[in-house]
Structure formats: C-alpha cells, structure tokens
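**Q** Structure in structure tokens, see below.
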Amino acid sequence: MSEKVLLDVSDRIATLTVNNPDKRNAMDQETRTALRDRLDDIDANDDIGVVVLRGKGDSYIAGGDIEAFAEFDRVDALEYLTNYGQGLYNDVADLTKPTIAAIDGYAFGGGLEVSLACDLRVATPDATVGLPEVGLGILPGGGGTQRLAHVAGAGVAKDLIFTGRAVDAEEAATLGIVNRVYEPDEFDDSVRELAETIAANAPLALRLAKESINRGLDDEGGLDFERIACAFLFGTADQQEGAEAFLEKRDPAFEGR
C-alpha cells in the first residue's frame with residue numbers, strides 16, 4: 001500500500017492525509033491511486049462515521065502534476081479525467097459518509113476541486129484557495145466548474161475561474177467557499193470537535209440527509225460537458241504554451257489556438 005495517502009481511524013472518525021509534502025502534496029498518479037484505494041477501505045468500514053481530508057506539512061493540496069499534464073493529448077486527458085481527475089473526485093463526493101476538507105495552506109486546482117467534493121470545508125487563516133487552470137490553457141476539469149458554482153454561486157465561480165485568482169481564507173469564507181475558519185493553534189482540536197459532533201448523530205439519518213441534498217444538486221450533465229471540454233483543450237497550442245510557461249516559471253503567451 002502506497003504511503004502517499006495515510007489513513008487513520010479513531011472513534012468513528014477517519015483521517016485521510018495526503019503525504020507528499022516535498023511537492024506541497026500535489027496530486028500525482030501514485031497519490032490519486034492511493035486515495036482511491038483508501039476511499040474503498042472507508043466505504044467498506046461501517047465503523048467510520050465521518051471522513052476528514054487533510055495534507056501533510058505546511059500545505060494542503062497544491063494541485064495536480066503539471067509536469068505530467070504537459071505530455072497529455074486529448075485522448076490521454078479524457079482517460080485521465082474520467083478515471084483519476086473528475087472520476088476520483090466524484091468518488092469523494094459519492095462517499096455515503098459526511099466529509100470534511102481541513103485546509104491549511106495551499107488548495108489550488110485539484111486541491112480545491114477535491115475540497116469542493118467534500119461536504120464541508122474548514123480552514124486556517126493561512127489557507128489560500130484558487131482554480132488557476134485558465135492560466136495553463138485548460139479549465140478546472142475535476143468538477144470545479146460545477147461544484148464551485150453550486151457552493152458559492154455562478155458569479156463567484158466565473159470570477160475565480162475566469163481570472164484564475166487565489167483568495168485567502170477570510171475571502172473564501174465570505175464567498176461561501178469555506179464554512180468555517182479556525183485559528184492555527186485551535187485548528188486540529190476544532191476539526192476534531194466538528195467531526196465528533198457529526199459522528200455522534202444517527203448514521204442512517206446522516207447518509208439519507210446527504211443523499212437528499214446531493215440529489216437536489218444533480219449536475220451530471222454539467223460534469224460530463226466539463227470533462228469533455230477540458231480534454232479538448234489538451235493538445236491545443238495554448239495548453240502546450242501554458243504548461244511550458246508554468247514549468248519554465250515565465251508568463252505564457254497565448255494565441256487563442
């Protein structure tokens with residue numbers, strides 16, 4: 001079992017920790033595969049009542065593996081998005097147990113998208129979130145276009161996605177992206193207390209309440225379009241330029257093709 005994602009279960013609370021601190025917990029292929037394996041373990045364990053997702057070290061999840069994305073063509077991108085991008089985050093969203101994203105540090109791109117797939121998002125004041133994909137010549141293809149609009153409204157989603165700008169925890173809370181902000185020295189205890197409060201309630205009632213809310217937010221058609229549109233952008237000249245510029249640490253020169 002890969003150590004890229006750690007699973008700890010205590011008192012009906014499962015804590016999933018993305019363990020790739022040298023790369024700010026970027027979601028490379030091994031990490032994504034490990035996360036899916038851990039999700040299967042959680043789904044099969046009836047003793048788990050709540051799931052907390054967090055990152056190791058001083059970052060939450062800084063995004064995807066841009067170096068790998070630079071090599072994708074459209075077929076590669078569609079397969080990846082279906083299985084390990086949007087598909088993986090859909091698995092997070094489909095967990096029958098309540099989920100909490102505990103954001104401390106950077107949550108960019110896929111890091112924010114997997115957080116949006118969770119039921120609740122809490123953060124420290126040091127947290128920074130954003131969907132910068134348009135600056136790479138693509139769009140948020142892991143559910144970001146749909147889930148951010150559901151969580152914070154279409155206007156907020158268009159603002160953050162069109163500009164690619166990042167926002168701090170205070171603004172994220174004001175916009176409705178983050179549910180609660182806890183001070184750093186209280187963060188771990190506050191996250192645990194929130195998880196314990198939820199886990200103390202009736203499991204079947206929680207499961208059906210979650211499903212009832214999610215059925216009212218059914219976005220399958222939007223997710224399908226997002227996945228295909230994002231795959232189409234791979235292999236365009238702008239996508240290649242965006243990836244190269246990111247890796248070379250320079251501003252991209254987009255041409256609209």
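Residues are named by chain letter and number: chains run A, B, ... in the order of the structure tokens, numbers start at 1 in each chain, and ligands are numbered from 1 in the order shown.
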Env of Glu79 (chain A): 10 Å cut, atoms = only C-alpha atoms, seq-sep filter 6 positions within chain, self excluded. Answer as a list in words.
**A**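 Answer for this query is Gly85, Gly87, Arg227 and Ala231 of chain A.
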**Q** Looking only at helix (DSSP H, G or I) from DSSP on the backbone, list the matching residues of region 155-186 of chain A as an NGL selection string.
**A** :A and (155-163 or 169-175 or 184-186)
**Q** So that I have them on file, write out the residues from the current selection with N, CA, C and O atoms, as a short mmCIF file (atom, residue, chain, number, x, y, z; two decimals), in the first residue's frame.
**A**
```cif
data_model
loop_
_atom_site.label_atom_id
_atom_site.label_comp_id
_atom_site.auth_asym_id
_atom_site.auth_seq_id
_atom_site.Cartn_x
_atom_site.Cartn_y
_atom_site.Cartn_z
N GLY A 155 -21.77 33.48 -10.12
CA GLY A 155 -20.96 34.70 -10.22
C GLY A 155 -19.58 34.54 -9.61
O GLY A 155 -18.58 34.95 -10.19
N VAL A 156 -19.54 33.92 -8.44
CA VAL A 156 -18.26 33.68 -7.78
C VAL A 156 -17.43 32.69 -8.60
O VAL A 156 -16.22 32.89 -8.80
N ALA A 157 -18.06 31.64 -9.10
CA ALA A 157 -17.33 30.65 -9.89
C ALA A 157 -16.72 31.29 -11.13
O ALA A 157 -15.55 31.05 -11.46
N LYS A 158 -17.48 32.13 -11.82
CA LYS A 158 -16.95 32.78 -13.02
C LYS A 158 -15.82 33.75 -12.67
O LYS A 158 -14.82 33.83 -13.40
N ASP A 159 -15.96 34.46 -11.59
CA ASP A 159 -14.91 35.39 -11.15
C ASP A 159 -13.60 34.63 -10.93
O ASP A 159 -12.56 34.95 -11.53
N LEU A 160 -13.64 33.59 -10.11
CA LEU A 160 -12.41 32.90 -9.75
C LEU A 160 -11.85 32.08 -10.92
O LEU A 160 -10.62 32.02 -11.11
N ILE A 161 -12.72 31.47 -11.70
CA ILE A 161 -12.23 30.64 -12.81
C ILE A 161 -11.75 31.49 -13.97
O ILE A 161 -10.70 31.21 -14.57
N PHE A 162 -12.47 32.56 -14.31
CA PHE A 162 -12.07 33.41 -15.44
C PHE A 162 -10.76 34.15 -15.15
O PHE A 162 -9.94 34.35 -16.03
N THR A 163 -10.58 34.60 -13.90
CA THR A 163 -9.37 35.35 -13.55
C THR A 163 -8.24 34.43 -13.12
O THR A 163 -7.07 34.80 -13.22
N ALA A 169 -8.32 32.77 3.20
CA ALA A 169 -9.39 32.10 3.93
C ALA A 169 -10.52 33.04 4.28
O ALA A 169 -11.70 32.67 4.22
N GLU A 170 -10.20 34.28 4.64
CA GLU A 170 -11.24 35.24 5.01
C GLU A 170 -12.18 35.50 3.85
O GLU A 170 -13.40 35.48 4.00
N GLU A 171 -11.60 35.74 2.65
CA GLU A 171 -12.46 35.99 1.49
C GLU A 171 -13.20 34.72 1.10
O GLU A 171 -14.37 34.78 0.71
N ALA A 172 -12.52 33.58 1.20
CA ALA A 172 -13.17 32.31 0.85
C ALA A 172 -14.39 32.07 1.75
O ALA A 172 -15.43 31.58 1.28
N ALA A 173 -14.28 32.44 3.02
CA ALA A 173 -15.42 32.29 3.93
C ALA A 173 -16.53 33.26 3.57
O ALA A 173 -17.72 32.90 3.58
N THR A 174 -16.17 34.48 3.23
CA THR A 174 -17.16 35.48 2.84
C THR A 174 -17.91 35.04 1.59
O THR A 174 -19.13 35.25 1.46
N LEU A 175 -17.18 34.41 0.66
CA LEU A 175 -17.79 33.96 -0.59
C LEU A 175 -18.58 32.66 -0.43
O LEU A 175 -19.29 32.25 -1.35
N PRO A 184 -4.91 28.84 13.91
CA PRO A 184 -3.96 27.73 13.76
C PRO A 184 -3.77 26.90 15.03
O PRO A 184 -3.70 25.67 14.96
N ASP A 185 -3.69 27.56 16.20
CA ASP A 185 -3.44 26.80 17.42
C ASP A 185 -4.67 26.04 17.90
O ASP A 185 -4.58 25.22 18.82
N GLU A 186 -5.82 26.30 17.27
CA GLU A 186 -7.06 25.62 17.63
C GLU A 186 -7.55 24.70 16.51
O GLU A 186 -8.56 24.03 16.66
#
```
**Q** Could you make a table, as CSV, of the residues of region 20-126 of chain A that have an atom within 8 Å of an atom of region 199-214 of chain A, each with its nearest atom pair and distance in Å to one decimal, counting only C-alpha atoms, in chain and number order?
**A**
```
residue,atom,partner,partner_atom,distance
A:Gly49,CA,A:Ala199,CA,5.2
A:Val50,CA,A:Ala199,CA,5.8
A:Thr96,CA,A:Arg207,CA,5.5
A:Lys97,CA,A:Arg207,CA,6.1
A:Pro98,CA,A:Leu206,CA,7.3
```
**Q** How would the residues just chosen look if you wrote them out with N, CA and C atoms as a PDB file, in the first residue's frame?
**A**
```
ATOM      1  N   GLY A  49     -17.760   6.977  10.711  1.00  0.00           N
ATOM      2  CA  GLY A  49     -18.927   7.838  10.610  1.00  0.00           C
ATOM      3  C   GLY A  49     -18.663   9.130   9.872  1.00  0.00           C
ATOM      4  N   VAL A  50     -17.423   9.637   9.921  1.00  0.00           N
ATOM      5  CA  VAL A  50     -17.048  10.908   9.309  1.00  0.00           C
ATOM      6  C   VAL A  50     -15.634  10.770   8.740  1.00  0.00           C
ATOM      7  N   THR A  96     -20.800   7.841   1.137  1.00  0.00           N
ATOM      8  CA  THR A  96     -22.072   7.969   1.866  1.00  0.00           C
ATOM      9  C   THR A  96     -21.889   8.632   3.232  1.00  0.00           C
ATOM     10  N   LYS A  97     -20.652   8.714   3.696  1.00  0.00           N
ATOM     11  CA  LYS A  97     -20.366   9.313   4.997  1.00  0.00           C
ATOM     12  C   LYS A  97     -20.041  10.801   4.831  1.00  0.00           C
ATOM     13  N   PRO A  98     -20.399  11.650   5.780  1.00  0.00           N
ATOM     14  CA  PRO A  98     -20.040  13.072   5.707  1.00  0.00           C
ATOM     15  C   PRO A  98     -18.529  13.268   5.629  1.00  0.00           C
TER      16      PRO A  98
END
```
**Q** For Val52 (chain A), which residue among A:Leu139, A:Leu131, A:Ile13, A:Val75 is the nearest when counting only C-alpha atoms?
**A**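 The closest residue to Val52 (chain A) is A:Ile13.
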**Q** Counting only C-alpha atoms, figure out which residue out of A:Glu196, A:Glu30, A:Pro140, A:Tyr84 gets nearest to Asp11 (chain A).
**A** A:Glu196
**Q** Give the answer as one residue: which of A:Gly130, A:Gly105, A:Gly153, A:Gly137 has the shortest atom-to-atom distance to Ala70 (chain A), using only C-alpha atoms?
**A**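 Closest to Ala70 (chain A), using only C-alpha atoms: A:Gly137.
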**Q** Using only C-alpha atoms, which protein or nucleic acid residues come within 12 Å of Asn90 (chain A)? Drop anything in the same chain fewer than 6 positions from it, and give the result as number ranges by chain.
**A** A: 36, 39, 81-84, 96, 113-118, 141-144, 146-147, 214, 218-220, 223-224, 227
**Q** What is the distance, in Å and to one decimal place, between CA of Ile198 (chain A) and CA of Arg32 (chain A)?
**A**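 Separation of CA of Ile198 (chain A) and CA of Arg32 (chain A): 26.7 Å.
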**Q** Could you write out, as a PDB file with C-alpha atoms, in the first residue's frame, all the residues of region 33-254 of chain A that DSSP marks as strand (DSSP E)?
**A**
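Saved result, selection_22.pdb, follows:
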```
ATOM      1  CA  VAL A  50     -17.048  10.908   9.309  1.00  0.00           C
ATOM      2  CA  VAL A  51     -14.080  11.426   6.983  1.00  0.00           C
ATOM      3  CA  VAL A  52     -11.531  14.267   7.318  1.00  0.00           C
ATOM      4  CA  LEU A  53      -9.200  15.034   4.386  1.00  0.00           C
ATOM      5  CA  ARG A  54      -6.014  16.988   5.009  1.00  0.00           C
ATOM      6  CA  GLY A  55      -2.443  17.452   3.786  1.00  0.00           C
ATOM      7  CA  THR A  99     -16.684  14.503   4.627  1.00  0.00           C
ATOM      8  CA  ILE A 100     -14.685  17.492   5.863  1.00  0.00           C
ATOM      9  CA  ALA A 101     -11.806  19.139   3.971  1.00  0.00           C
ATOM     10  CA  ALA A 102      -9.387  20.565   6.550  1.00  0.00           C
ATOM     11  CA  ILE A 103      -7.486  23.184   4.537  1.00  0.00           C
ATOM     12  CA  TYR A 106      -2.476  25.967  -0.454  1.00  0.00           C
ATOM     13  CA  ALA A 107      -5.543  24.412  -2.092  1.00  0.00           C
ATOM     14  CA  PHE A 108      -5.095  25.113  -5.798  1.00  0.00           C
ATOM     15  CA  LEU A 120     -17.758  20.828   4.421  1.00  0.00           C
ATOM     16  CA  ARG A 121     -14.599  22.919   4.130  1.00  0.00           C
ATOM     17  CA  VAL A 122     -12.802  24.419   7.119  1.00  0.00           C
ATOM     18  CA  ALA A 123      -9.548  26.364   7.015  1.00  0.00           C
ATOM     19  CA  THR A 128      -5.228  30.082   0.128  1.00  0.00           C
ATOM     20  CA  VAL A 129      -7.580  28.605  -2.476  1.00  0.00           C
ATOM     21  CA  GLY A 130      -7.980  29.029  -6.222  1.00  0.00           C
ATOM     22  CA  ALA A 166      -6.424  32.977  -5.498  1.00  0.00           C
ATOM     23  CA  VAL A 167      -8.280  34.101  -2.371  1.00  0.00           C
ATOM     24  CA  ASP A 168      -7.334  33.869   1.284  1.00  0.00           C
ATOM     25  CA  ARG A 180     -15.524  27.923   8.996  1.00  0.00           C
ATOM     26  CA  VAL A 181     -12.115  29.446   9.748  1.00  0.00           C
TER      27      VAL A 181
END
```
**Q** For Asp46 (chain A), which residue among A:Leu148, A:Asp94, A:Arg12, A:Ala229 is the nearest when counting only C-alpha atoms?
**A**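 Among the listed residues, the smallest separation from Asp46 (chain A) belongs to A:Arg12.
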**Q** Name the residues in contact with Phe234 (chain A) at a cut-off of 6 Å, using only C-alpha atoms, excluding same-chain residues fewer than 2 positions from it; report them as a list in words.
**A**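 With the cut-off at 6 Å, the set is Asp73, Arg74, Ala231, Phe232, Thr236 and Gln239 of chain A.
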**Q** Extract, using only C-alpha atoms, all DNA, RNA and protein residues at most 12 Å from Leu247 (chain A), discarding same-chain residues fewer than 2 positions from it, and format them as a PyMOL selection string.
**A** chain A and resi 65-70+136+240-245+249-252
**Q** Dump C-alpha atoms for the selected residues as a compact mmCIF listing (two decimals), in the first residue's frame?
**A**
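Output contents, as saved in again31.txt:
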```txt
# COMPACT_ATOMS: atom_id res chain seq x y z
CA ASP A 65 1.02 17.19 -11.50
CA ILE A 66 1.58 19.84 -14.20
CA GLU A 67 4.71 18.14 -15.50
CA ALA A 68 2.68 15.02 -16.33
CA PHE A 69 -0.17 17.06 -17.83
CA ALA A 70 2.27 18.70 -20.25
CA LEU A 136 -2.43 26.90 -18.18
CA GLN A 240 1.14 23.44 -24.50
CA GLU A 241 2.32 27.01 -24.00
CA GLY A 242 0.61 27.24 -20.61
CA ALA A 243 2.26 24.06 -19.34
CA GLU A 244 5.70 25.03 -20.68
CA ALA A 245 5.45 28.53 -19.22
CA LYS A 249 8.43 29.89 -14.46
CA ARG A 250 7.53 32.57 -17.02
CA ASP A 251 4.34 34.29 -18.22
CA PRO A 252 2.55 32.42 -21.02
```
